[in-house]
Amino acid sequence: MEKNKYGKELDVAVKVVQMACSLCKTVQKGLISGSFNQVKSKNDDSPVTVADWSVQATVSWMLCEYFGSESVSIIAEEDVQALSEPDSEGLLGMVVTTVNEALAKAPIYGLNGPGKALMAPQVLEAISRCNSSGGPVGKHWVLDPVDGTLGFVRGDQYAIALALIDDGKVVIGILGCPNYPLEKESLNYHDNGLHKFSSSSTSEVGCVIYTSKGSGEAWMQPLIHGNEGLQGPNCAKLIKVSAIDDPALATFCESVEGANTNHSFTAGLANGVGLRNKPLRVHSMVKYAAIARGDAEIYMKFARGGYKEKIWDHAAGVLIVQEAGGVVTDAGGRPLNFSRGMYLEGLDRGIVACSGVKLHEKIIGAVYASWDSSNL
Ligand SMILES: Nc1ncnc2c1ncn2[C@@H]1O[C@H](COP(=O)(O)O)[C@@H](OP(=O)(O)O)[C@H]1O
Ligand SMILES: [Mg+2]
């Protein structure tokens with residue numbers, strides 16, 4: 001990990017994402033057991049939880065600690081507005097406790113935590129400083145503290161996504177996938193005929209996947225659970241995209257939510273290129289992890305109605321798929337542009353990530369052939 005130009009950043013970021021995974025697992029357990037009222041609605045009606053703010057505060061605090069609070073630039077999904085409302089005192093208290101519990105465990109991950117517990121203003125400051133506008137010059141961290149919040153609140157798949165952009169290019173990418181089974185065998189057909197990841201008693205669940213640009217390698221670590229650190233069974237494994245290039249054998253992934261991507265358009269594309277398997281519908285950037293790990297071959301996203309994709313929903317996943325051997329472009333076949341602030345400006349229609357060039361060309365060709373007759 002240390003050998004590349006961004007070795008220190010990657011080393012710290014992987015450890016921080018490991019911490020964040022542990023934090024999220026604890027909060028998700030509390031949510032599912034119904035012990036806390038930790039979910040709020042944002043202005044766009046999407047949910048936000050104690051975990052979103054707590055991960056953002058923890059990652060922000062750590063990055064400032066290691067890379068300097070003066071110089072570090074972070075673009076992340078959450079702000080402190082809902083947390084600062086008069087009726088949010090209890091919620092803020094939970095966030096502060098959750099952050100301090102996470103930071104107290106920093107040494108388990110080989111990181112230095114704060115000398116003493118953070119107070120509420122410090123936690124709010126850590127969250128609100130992640131308001132950089134990014135752009136084409138300099139280093140910018142990009143964080144989605146809990147991607148797939150709907151999956152998170154449903155006890156399903158979600159991801160913690162952290163990437164570093166340097167002069168407009170994504171140079172490192174880390175995806176924490178706390179509910180993603182380590183073994184592909186745990187990928188089962190579900191009742192409704194769709195693929196779904198399910199944990200079995202034989203497979204360990206949860207991993208952190210990471211890469212750096214130009215390495216041609218992507219790695220997967222299991223989650224760190226106790227004091228065992230990163231030695232022995234926690235050694236990272238190389239991952240690689242699938243070698244399948246026959247559409248009849250390929251599986252495509254997409255959002256669970258029909259509001260986030262047009263399922264009927266992707267069904268038409270799938271049919272057009274001869275895909276036979278049912279789609280694998282998964283919340284969050286775990287879809288990119290599935291492509292990078294060879295558990296599926298295609299990920300397509302076609303948002304509706306002028307929705308503008310945010311960089312934190314794609315940066316880490318795109319680089320991981322590319323370095324694991326895959327291809328990711330917009331629907332016009334062009335690379336995604338991470339250099340223009342918080343949005344993927346100039347994105348042509350949708351996003352297509354594939355395990356290889358052959359499948360990718362077929363999907364792009366199918367988009368070309370069917371776009372005009374679609375209602376998108
Ligand atoms: N109307 C919309 N169209 C497309 N994507 C949307 C959307 N509203 C929200 N999203 C994005 O889709 C992400 C979830 O992706 P998926 O549906 O693939 O699981 C959300 O991430 P968050 O859950 O972090 O907000 C959000 O950024
Ligand atoms: Mg997201």
# chains A, B, ... in the order shown; residues from 1 in each chain; ligands from 1
call {"tool": "closest_atom_pairs", "arguments": {"of": "chain A", "to": "ligand 2", "cutoff": "7 Å", "atoms": "only C-alpha atoms and all ligand atoms", "output": "JSON lines"}}
result
{"residue": "A:Asp144", "atom": "CA", "partner": "ligand 2", "partner_atom_place_in_ligand_line": "1 (Mg)", "distance": 5.6}
{"residue": "A:Val146", "atom": "CA", "partner": "ligand 2", "partner_atom_place_in_ligand_line": "1 (Mg)", "distance": 6.6}
{"residue": "A:Asp147", "atom": "CA", "partner": "ligand 2", "partner_atom_place_in_ligand_line": "1 (Mg)", "distance": 3.7}
{"residue": "A:Gly148", "atom": "CA", "partner": "ligand 2", "partner_atom_place_in_ligand_line": "1 (Mg)", "distance": 5.6}
{"residue": "A:Ser284", "atom": "CA", "partner": "ligand 2", "partner_atom_place_in_ligand_line": "1 (Mg)", "distance": 6.6}
{"residue": "A:Trp312", "atom": "CA", "partner": "ligand 2", "partner_atom_place_in_ligand_line": "1 (Mg)", "distance": 6.6}
{"residue": "A:Asp313", "atom": "CA", "partner": "ligand 2", "partner_atom_place_in_ligand_line": "1 (Mg)", "distance": 4.6}
call {"tool": "write_last_selection", "arguments": {"atoms": "N, CA and C atoms", "output": "compact mmCIF listing (two decimals), in the first residue's frame"}}
result
# COMPACT_ATOMS: atom_id res chain seq x y z
N ASP A 144 -19.08 9.88 0.60
CA ASP A 144 -20.50 9.60 0.87
C ASP A 144 -20.51 8.78 2.14
N VAL A 146 -22.83 7.50 4.17
CA VAL A 146 -23.64 6.28 4.05
C VAL A 146 -24.33 6.36 2.69
N ASP A 147 -23.81 5.63 1.74
CA ASP A 147 -24.43 5.61 0.42
C ASP A 147 -25.47 4.50 0.42
N GLY A 148 -26.64 4.81 -0.12
CA GLY A 148 -27.73 3.84 -0.07
C GLY A 148 -28.40 3.87 1.29
N SER A 284 -27.01 1.12 -3.28
CA SER A 284 -25.69 1.75 -3.07
C SER A 284 -24.59 1.34 -4.03
N TRP A 312 -19.82 12.08 -5.27
CA TRP A 312 -19.56 11.14 -4.17
C TRP A 312 -20.31 9.82 -4.36
N ASP A 313 -21.30 9.79 -5.26
CA ASP A 313 -22.01 8.54 -5.52
C ASP A 313 -21.28 7.64 -6.51
call {"tool": "closest_atom_pairs", "arguments": {"of": "chain A", "to": "ligand 1", "cutoff": "10 Å", "atoms": "only C-alpha atoms and all ligand atoms", "output": "CSV"}}
result
residue,atom,partner,partner_atom_place_in_ligand_line,distance
A:Lys42,CA,ligand 1,25 (O),9.8
A:Asp44,CA,ligand 1,8 (N),8.1
A:Asp45,CA,ligand 1,8 (N),9.4
A:Ser46,CA,ligand 1,25 (O),6.7
A:Pro47,CA,ligand 1,25 (O),7.7
A:Val48,CA,ligand 1,25 (O),8.1
A:Asp52,CA,ligand 1,24 (O),8.8
A:Glu77,CA,ligand 1,24 (O),7.4
A:Glu78,CA,ligand 1,24 (O),9.4
A:Leu143,CA,ligand 1,24 (O),9.8
A:Asp144,CA,ligand 1,24 (O),6.1
A:Pro145,CA,ligand 1,24 (O),7.5
A:Val146,CA,ligand 1,24 (O),5.5
A:Asp147,CA,ligand 1,24 (O),3.3
A:Gly148,CA,ligand 1,23 (O),3.3
A:Thr149,CA,ligand 1,23 (O),4.0
A:Leu150,CA,ligand 1,23 (O),6.0
A:Gly151,CA,ligand 1,19 (O),7.1
A:Phe152,CA,ligand 1,23 (O),8.4
A:Gln157,CA,ligand 1,19 (O),8.5
A:Tyr158,CA,ligand 1,19 (O),7.6
A:Ala159,CA,ligand 1,24 (O),8.4
A:Ile160,CA,ligand 1,24 (O),8.9
A:Ala161,CA,ligand 1,24 (O),9.3
A:Cys253,CA,ligand 1,18 (O),9.2
A:Glu254,CA,ligand 1,18 (O),6.4
A:Ser255,CA,ligand 1,18 (O),3.9
A:Val256,CA,ligand 1,17 (O),5.8
A:Glu257,CA,ligand 1,17 (O),5.2
A:Gly258,CA,ligand 1,17 (O),7.8
A:Ala259,CA,ligand 1,1 (N),5.6
A:Asn260,CA,ligand 1,4 (C),3.6
A:Thr261,CA,ligand 1,4 (C),5.8
A:Asn262,CA,ligand 1,3 (N),9.0
A:Arg281,CA,ligand 1,18 (O),8.6
A:Val282,CA,ligand 1,19 (O),6.5
A:His283,CA,ligand 1,19 (O),3.5
A:Ser284,CA,ligand 1,19 (O),3.5
A:Met285,CA,ligand 1,18 (O),6.5
A:Val286,CA,ligand 1,19 (O),8.4
A:Lys287,CA,ligand 1,18 (O),7.5
A:Tyr288,CA,ligand 1,18 (O),9.7
A:Tyr299,CA,ligand 1,18 (O),9.7
A:Met300,CA,ligand 1,18 (O),9.5
A:Lys301,CA,ligand 1,18 (O),7.6
A:Phe302,CA,ligand 1,4 (C),7.5
A:Ala303,CA,ligand 1,4 (C),4.4
A:Arg304,CA,ligand 1,3 (N),5.8
A:Gly305,CA,ligand 1,1 (N),7.8
A:Gly306,CA,ligand 1,3 (N),8.5
A:Tyr307,CA,ligand 1,3 (N),5.4
A:Lys308,CA,ligand 1,4 (C),7.6
A:Glu309,CA,ligand 1,5 (N),6.6
A:Lys310,CA,ligand 1,27 (O),6.6
A:Ile311,CA,ligand 1,27 (O),9.1
A:Trp312,CA,ligand 1,27 (O),7.9
A:Asp313,CA,ligand 1,27 (O),5.7
A:His314,CA,ligand 1,27 (O),9.2
A:Gly350,CA,ligand 1,4 (C),9.8
call {"tool": "atom_distance", "arguments": {"atom1": "CA of Glu101 in chain A", "atom2": "CA of Ala126 in chain A"}}
result
15.6 Å
call {"tool": "select_by_dssp", "arguments": {"residues": "range 91-312 of chain A", "states": "strand (DSSP E)", "output": "ChimeraX atom specification"}}
result
/A:139-147,159-166,169-181,187-189,195-197,205-212,218-222,237-239,252-254,280-281,298-301
call {"tool": "closest_atom_pairs", "arguments": {"of": "range 125-221 of chain A", "to": "range 14-31 of chain A", "cutoff": "8 Å", "atoms": "only C-alpha atoms", "output": "CSV"}}
result
residue,atom,partner,partner_atom,distance
A:Phe152,CA,A:Gln28,CA,6.7
A:Val153,CA,A:Leu31,CA,6.9
A:Gly155,CA,A:Gln28,CA,6.6
A:Ile160,CA,A:Val17,CA,6.9
A:Ala161,CA,A:Val17,CA,7.9
A:Leu162,CA,A:Val17,CA,7.5
A:Ile174,CA,A:Val14,CA,6.5
A:Leu175,CA,A:Val17,CA,7.6
A:Gly176,CA,A:Val17,CA,6.0
A:Cys177,CA,A:Cys21,CA,7.3
A:Pro178,CA,A:Cys21,CA,5.7
A:Val208,CA,A:Gln18,CA,6.8
A:Tyr210,CA,A:Val14,CA,7.2
call {"tool": "closest_residue", "arguments": {"among": "A:Val241, A:Asp156, A:Leu269, A:Ile320", "to": "Ala218 in chain A", "atoms": "only C-alpha atoms"}}
result
A:Ile320
call {"tool": "closest_residue", "arguments": {"among": "A:Gly138, A:Thr49, A:Ser71, A:Ala76", "to": "Val95 in chain A", "atoms": "only C-alpha atoms"}}
result
A:Thr49
call {"tool": "atom_distance", "arguments": {"atom1": "CA of Ile298 in chain A", "atom2": "CA of Ala250 in chain A"}}
result
7.5 Å
call {"tool": "closest_atom_pairs", "arguments": {"of": "range 49-97 of chain A", "to": "range 106-111 of chain A", "cutoff": "12 Å", "atoms": "only C-alpha atoms", "output": "tab-separated table"}}
result
residue	atom	partner	partner_atom	distance
A:Thr58	CA	A:Ala106	CA	10.1
A:Val59	CA	A:Ala106	CA	11.3
A:Trp61	CA	A:Ala106	CA	11.6
A:Met62	CA	A:Leu111	CA	8.5
A:Leu63	CA	A:Leu111	CA	10.9
A:Glu65	CA	A:Leu111	CA	10.0
A:Tyr66	CA	A:Leu111	CA	9.3
call {"tool": "write_last_selection", "arguments": {"atoms": "C-alpha atoms", "output": "tab-separated table (two decimals), in the first residue's frame"}}
result
chain	number	residue	atom	x	y	z
A	58	THR	CA	-15.30	10.82	12.13
A	59	VAL	CA	-13.78	10.74	8.65
A	61	TRP	CA	-11.77	14.62	11.97
A	62	MET	CA	-9.32	11.87	10.99
A	63	LEU	CA	-8.42	13.39	7.61
A	65	GLU	CA	-5.66	15.03	11.97
A	66	TYR	CA	-3.47	13.28	9.38
call {"tool": "select_by_dssp", "arguments": {"residues": "range 93-308 of chain A", "states": "alpha helix (DSSP H)", "output": "ChimeraX atom specification"}}
result
/A:93-104,120-128,149-153,263-273,286-292
call {"tool": "residues_around", "arguments": {"residues": "range 4-8 of chain A", "least_positions_apart": "3", "cutoff": "8 Å", "atoms": "only C-alpha atoms", "output": "PyMOL selection string"}}
result
chain A and resi 1+11-12+171-172+212
call {"tool": "write_last_selection", "arguments": {"atoms": "N, CA and C atoms", "output": "CSV table (one decimal), in the first residue's frame"}}
result
chain,number,residue,atom,x,y,z
A,1,MET,N,0.8,-1.2,0.0
A,1,MET,CA,0.0,0.0,0.0
A,1,MET,C,0.9,1.3,0.0
A,11,ASP,N,-3.4,4.5,2.8
A,11,ASP,CA,-3.3,3.7,4.1
A,11,ASP,C,-4.2,4.3,5.2
A,12,VAL,N,-4.2,5.6,5.3
A,12,VAL,CA,-5.1,6.2,6.4
A,12,VAL,C,-6.5,6.1,6.0
A,171,VAL,N,-7.8,9.5,-7.8
A,171,VAL,CA,-6.5,8.8,-7.7
A,171,VAL,C,-6.5,7.7,-6.6
A,172,ILE,N,-7.4,7.8,-5.6
A,172,ILE,CA,-7.7,6.6,-4.8
A,172,ILE,C,-9.2,6.5,-4.5
A,212,SER,N,-5.7,2.3,-6.0
A,212,SER,CA,-5.1,3.6,-6.4
A,212,SER,C,-4.9,3.6,-7.9
call {"tool": "closest_residue", "arguments": {"among": "A:Leu223, A:Met342, A:Leu10, A:Leu118", "to": "Asn179 in chain A", "atoms": "only C-alpha atoms"}}
result
A:Leu223
call {"tool": "atom_distance", "arguments": {"atom1": "CA of Ala296 in chain A", "atom2": "CA of Phe252 in chain A"}}
result
6.1 Å
call {"tool": "closest_residue", "arguments": {"among": "A:Ala315, A:Met94, A:Ala324, A:Ala82", "to": "His140 in chain A", "atoms": "only C-alpha atoms"}}
result
A:Ala315
call {"tool": "residues_around", "arguments": {"residues": "range 271-275 of chain A", "least_positions_apart": "3", "cutoff": "12 Å", "atoms": "only C-alpha atoms", "output": "mmCIF file with C-alpha atoms, in the first residue's frame"}}
result
data_model
loop_
_atom_site.group_PDB
_atom_site.id
_atom_site.type_symbol
_atom_site.label_atom_id
_atom_site.label_comp_id
_atom_site.auth_asym_id
_atom_site.auth_seq_id
_atom_site.Cartn_x
_atom_site.Cartn_y
_atom_site.Cartn_z
ATOM 1 C CA ILE A 244 -17.603 -13.472 -18.832
ATOM 2 C CA ASP A 245 -18.191 -11.574 -22.053
ATOM 3 C CA ASP A 246 -21.171 -13.521 -23.385
ATOM 4 C CA PRO A 247 -24.343 -11.508 -22.664
ATOM 5 C CA ALA A 248 -26.308 -14.730 -22.259
ATOM 6 C CA LEU A 249 -24.199 -15.537 -19.183
ATOM 7 C CA ALA A 250 -23.822 -12.018 -17.824
ATOM 8 C CA THR A 251 -25.672 -10.450 -14.891
ATOM 9 C CA PHE A 252 -26.495 -6.770 -14.648
ATOM 10 C CA CYS A 253 -26.915 -4.722 -11.479
ATOM 11 C CA SER A 264 -38.049 -0.442 -17.874
ATOM 12 C CA PHE A 265 -35.387 1.266 -20.012
ATOM 13 C CA THR A 266 -32.625 -0.984 -18.617
ATOM 14 C CA ALA A 267 -34.883 -4.034 -19.102
ATOM 15 C CA GLY A 268 -35.176 -3.041 -22.763
ATOM 16 C CA LYS A 278 -32.635 -11.432 -13.857
ATOM 17 C CA PRO A 279 -31.136 -8.119 -12.691
ATOM 18 C CA ALA A 296 -21.791 -9.379 -11.848
ATOM 19 C CA GLU A 297 -20.749 -8.007 -15.228
ATOM 20 C CA ILE A 298 -22.779 -4.864 -15.884
ATOM 21 C CA LYS A 358 -17.049 -6.271 -25.357
ATOM 22 C CA LEU A 359 -20.074 -6.070 -23.070
ATOM 23 C CA HIS A 360 -19.580 -2.332 -22.706
ATOM 24 C CA GLU A 361 -19.673 -1.762 -26.464
ATOM 25 C CA LYS A 362 -22.860 -3.799 -26.724
ATOM 26 C CA ILE A 363 -24.630 -1.797 -24.016
ATOM 27 C CA ILE A 364 -23.536 1.554 -25.462
ATOM 28 C CA GLY A 365 -24.697 0.366 -28.897
ATOM 29 C CA ALA A 366 -28.075 -0.645 -27.442
ATOM 30 C CA VAL A 367 -28.484 2.777 -25.814
ATOM 31 C CA TYR A 368 -27.723 4.401 -29.154
ATOM 32 C CA ALA A 369 -30.281 2.198 -30.898
ATOM 33 C CA SER A 370 -33.109 2.629 -28.413
#
call {"tool": "decode", "arguments": {"residues": "range 146-183 of chain A", "atoms": "N, CA and C atoms", "output": "PDB file, in the first residue's frame"}}
result
ATOM      1  N   VAL A 146     -22.826   7.505   4.168  1.00  0.00           N
ATOM      2  CA  VAL A 146     -23.636   6.282   4.048  1.00  0.00           C
ATOM      3  C   VAL A 146     -24.329   6.358   2.695  1.00  0.00           C
ATOM      4  N   ASP A 147     -23.806   5.631   1.738  1.00  0.00           N
ATOM      5  CA  ASP A 147     -24.427   5.608   0.418  1.00  0.00           C
ATOM      6  C   ASP A 147     -25.474   4.499   0.416  1.00  0.00           C
ATOM      7  N   GLY A 148     -26.641   4.813  -0.118  1.00  0.00           N
ATOM      8  CA  GLY A 148     -27.734   3.839  -0.075  1.00  0.00           C
ATOM      9  C   GLY A 148     -28.399   3.867   1.287  1.00  0.00           C
ATOM     10  N   THR A 149     -28.728   5.076   1.732  1.00  0.00           N
ATOM     11  CA  THR A 149     -29.308   5.203   3.077  1.00  0.00           C
ATOM     12  C   THR A 149     -30.600   4.387   3.206  1.00  0.00           C
ATOM     13  N   LEU A 150     -31.324   4.259   2.092  1.00  0.00           N
ATOM     14  CA  LEU A 150     -32.545   3.441   2.153  1.00  0.00           C
ATOM     15  C   LEU A 150     -32.220   1.990   2.488  1.00  0.00           C
ATOM     16  N   GLY A 151     -31.169   1.480   1.856  1.00  0.00           N
ATOM     17  CA  GLY A 151     -30.720   0.120   2.172  1.00  0.00           C
ATOM     18  C   GLY A 151     -30.290   0.023   3.626  1.00  0.00           C
ATOM     19  N   PHE A 152     -29.612   1.064   4.084  1.00  0.00           N
ATOM     20  CA  PHE A 152     -29.119   1.087   5.467  1.00  0.00           C
ATOM     21  C   PHE A 152     -30.284   1.001   6.459  1.00  0.00           C
ATOM     22  N   VAL A 153     -31.309   1.824   6.249  1.00  0.00           N
ATOM     23  CA  VAL A 153     -32.415   1.826   7.218  1.00  0.00           C
ATOM     24  C   VAL A 153     -33.266   0.560   7.097  1.00  0.00           C
ATOM     25  N   ARG A 154     -33.173  -0.118   5.963  1.00  0.00           N
ATOM     26  CA  ARG A 154     -33.918  -1.374   5.796  1.00  0.00           C
ATOM     27  C   ARG A 154     -33.130  -2.595   6.266  1.00  0.00           C
ATOM     28  N   GLY A 155     -31.936  -2.372   6.774  1.00  0.00           N
ATOM     29  CA  GLY A 155     -31.102  -3.494   7.226  1.00  0.00           C
ATOM     30  C   GLY A 155     -30.448  -4.216   6.063  1.00  0.00           C
ATOM     31  N   ASP A 156     -30.364  -3.551   4.923  1.00  0.00           N
ATOM     32  CA  ASP A 156     -29.882  -4.186   3.693  1.00  0.00           C
ATOM     33  C   ASP A 156     -28.493  -3.627   3.325  1.00  0.00           C
ATOM     34  N   GLN A 157     -28.167  -3.668   2.030  1.00  0.00           N
ATOM     35  CA  GLN A 157     -26.842  -3.224   1.584  1.00  0.00           C
ATOM     36  C   GLN A 157     -26.699  -1.698   1.614  1.00  0.00           C
ATOM     37  N   TYR A 158     -25.499  -1.237   1.925  1.00  0.00           N
ATOM     38  CA  TYR A 158     -25.137   0.179   1.869  1.00  0.00           C
ATOM     39  C   TYR A 158     -23.619   0.228   1.788  1.00  0.00           C
ATOM     40  N   ALA A 159     -23.076   1.417   1.563  1.00  0.00           N
ATOM     41  CA  ALA A 159     -21.616   1.523   1.438  1.00  0.00           C
ATOM     42  C   ALA A 159     -21.123   2.832   2.032  1.00  0.00           C
ATOM     43  N   ILE A 160     -19.874   2.816   2.461  1.00  0.00           N
ATOM     44  CA  ILE A 160     -19.182   4.041   2.845  1.00  0.00           C
ATOM     45  C   ILE A 160     -18.174   4.283   1.715  1.00  0.00           C
ATOM     46  N   ALA A 161     -18.259   5.439   1.075  1.00  0.00           N
ATOM     47  CA  ALA A 161     -17.423   5.660  -0.108  1.00  0.00           C
ATOM     48  C   ALA A 161     -16.518   6.866   0.101  1.00  0.00           C
ATOM     49  N   LEU A 162     -15.219   6.624  -0.042  1.00  0.00           N
ATOM     50  CA  LEU A 162     -14.243   7.700   0.126  1.00  0.00           C
ATOM     51  C   LEU A 162     -13.274   7.663  -1.059  1.00  0.00           C
ATOM     52  N   ALA A 163     -13.051   8.825  -1.648  1.00  0.00           N
ATOM     53  CA  ALA A 163     -12.124   8.893  -2.783  1.00  0.00           C
ATOM     54  C   ALA A 163     -11.284  10.157  -2.650  1.00  0.00           C
ATOM     55  N   LEU A 164     -10.154  10.158  -3.323  1.00  0.00           N
ATOM     56  CA  LEU A 164      -9.329  11.364  -3.395  1.00  0.00           C
ATOM     57  C   LEU A 164      -9.203  11.762  -4.853  1.00  0.00           C
ATOM     58  N   ILE A 165      -9.513  13.031  -5.116  1.00  0.00           N
ATOM     59  CA  ILE A 165      -9.354  13.586  -6.458  1.00  0.00           C
ATOM     60  C   ILE A 165      -8.121  14.482  -6.424  1.00  0.00           C
ATOM     61  N   ASP A 166      -7.246  14.323  -7.399  1.00  0.00           N
ATOM     62  CA  ASP A 166      -6.083  15.212  -7.494  1.00  0.00           C
ATOM     63  C   ASP A 166      -6.066  15.811  -8.891  1.00  0.00           C
ATOM     64  N   ASP A 167      -6.075  17.120  -8.963  1.00  0.00           N
ATOM     65  CA  ASP A 167      -6.146  17.836 -10.244  1.00  0.00           C
ATOM     66  C   ASP A 167      -7.193  17.239 -11.181  1.00  0.00           C
ATOM     67  N   GLY A 168      -8.366  17.006 -10.630  1.00  0.00           N
ATOM     68  CA  GLY A 168      -9.517  16.600 -11.443  1.00  0.00           C
ATOM     69  C   GLY A 168      -9.653  15.111 -11.693  1.00  0.00           C
ATOM     70  N   LYS A 169      -8.651  14.306 -11.288  1.00  0.00           N
ATOM     71  CA  LYS A 169      -8.711  12.855 -11.528  1.00  0.00           C
ATOM     72  C   LYS A 169      -8.861  12.127 -10.202  1.00  0.00           C
ATOM     73  N   VAL A 170      -9.666  11.068 -10.213  1.00  0.00           N
ATOM     74  CA  VAL A 170      -9.795  10.245  -9.006  1.00  0.00           C
ATOM     75  C   VAL A 170      -8.524   9.400  -8.893  1.00  0.00           C
ATOM     76  N   VAL A 171      -7.815   9.517  -7.777  1.00  0.00           N
ATOM     77  CA  VAL A 171      -6.527   8.825  -7.652  1.00  0.00           C
ATOM     78  C   VAL A 171      -6.545   7.688  -6.629  1.00  0.00           C
ATOM     79  N   ILE A 172      -7.438   7.783  -5.632  1.00  0.00           N
ATOM     80  CA  ILE A 172      -7.651   6.601  -4.800  1.00  0.00           C
ATOM     81  C   ILE A 172      -9.151   6.453  -4.537  1.00  0.00           C
ATOM     82  N   GLY A 173      -9.568   5.213  -4.343  1.00  0.00           N
ATOM     83  CA  GLY A 173     -10.983   4.943  -4.087  1.00  0.00           C
ATOM     84  C   GLY A 173     -11.114   3.834  -3.062  1.00  0.00           C
ATOM     85  N   ILE A 174     -12.004   4.053  -2.093  1.00  0.00           N
ATOM     86  CA  ILE A 174     -12.232   3.038  -1.056  1.00  0.00           C
ATOM     87  C   ILE A 174     -13.739   2.873  -0.882  1.00  0.00           C
ATOM     88  N   LEU A 175     -14.188   1.632  -0.881  1.00  0.00           N
ATOM     89  CA  LEU A 175     -15.597   1.338  -0.612  1.00  0.00           C
ATOM     90  C   LEU A 175     -15.692   0.411   0.591  1.00  0.00           C
ATOM     91  N   GLY A 176     -16.343   0.861   1.631  1.00  0.00           N
ATOM     92  CA  GLY A 176     -16.652  -0.015   2.756  1.00  0.00           C
ATOM     93  C   GLY A 176     -18.032  -0.602   2.517  1.00  0.00           C
ATOM     94  N   CYS A 177     -18.119  -1.910   2.548  1.00  0.00           N
ATOM     95  CA  CYS A 177     -19.398  -2.590   2.259  1.00  0.00           C
ATOM     96  C   CYS A 177     -19.711  -3.535   3.420  1.00  0.00           C
ATOM     97  N   PRO A 178     -20.285  -2.992   4.511  1.00  0.00           N
ATOM     98  CA  PRO A 178     -20.380  -3.784   5.740  1.00  0.00           C
ATOM     99  C   PRO A 178     -21.300  -5.006   5.658  1.00  0.00           C
ATOM    100  N   ASN A 179     -22.229  -5.031   4.708  1.00  0.00           N
ATOM    101  CA  ASN A 179     -23.141  -6.186   4.619  1.00  0.00           C
ATOM    102  C   ASN A 179     -22.913  -7.035   3.380  1.00  0.00           C
ATOM    103  N   TYR A 180     -21.800  -6.835   2.728  1.00  0.00           N
ATOM    104  CA  TYR A 180     -21.544  -7.563   1.473  1.00  0.00           C
ATOM    105  C   TYR A 180     -20.779  -8.850   1.800  1.00  0.00           C
ATOM    106  N   PRO A 181     -21.382 -10.015   1.541  1.00  0.00           N
ATOM    107  CA  PRO A 181     -20.712 -11.275   1.887  1.00  0.00           C
ATOM    108  C   PRO A 181     -19.371 -11.414   1.163  1.00  0.00           C
ATOM    109  N   LEU A 182     -18.392 -11.961   1.851  1.00  0.00           N
ATOM    110  CA  LEU A 182     -17.057 -12.090   1.258  1.00  0.00           C
ATOM    111  C   LEU A 182     -17.025 -13.101   0.117  1.00  0.00           C
ATOM    112  N   GLU A 183     -17.905 -14.090   0.183  1.00  0.00           N
ATOM    113  CA  GLU A 183     -17.896 -15.135  -0.840  1.00  0.00           C
ATOM    114  C   GLU A 183     -19.064 -14.970  -1.800  1.00  0.00           C
TER     115      GLU A 183
END
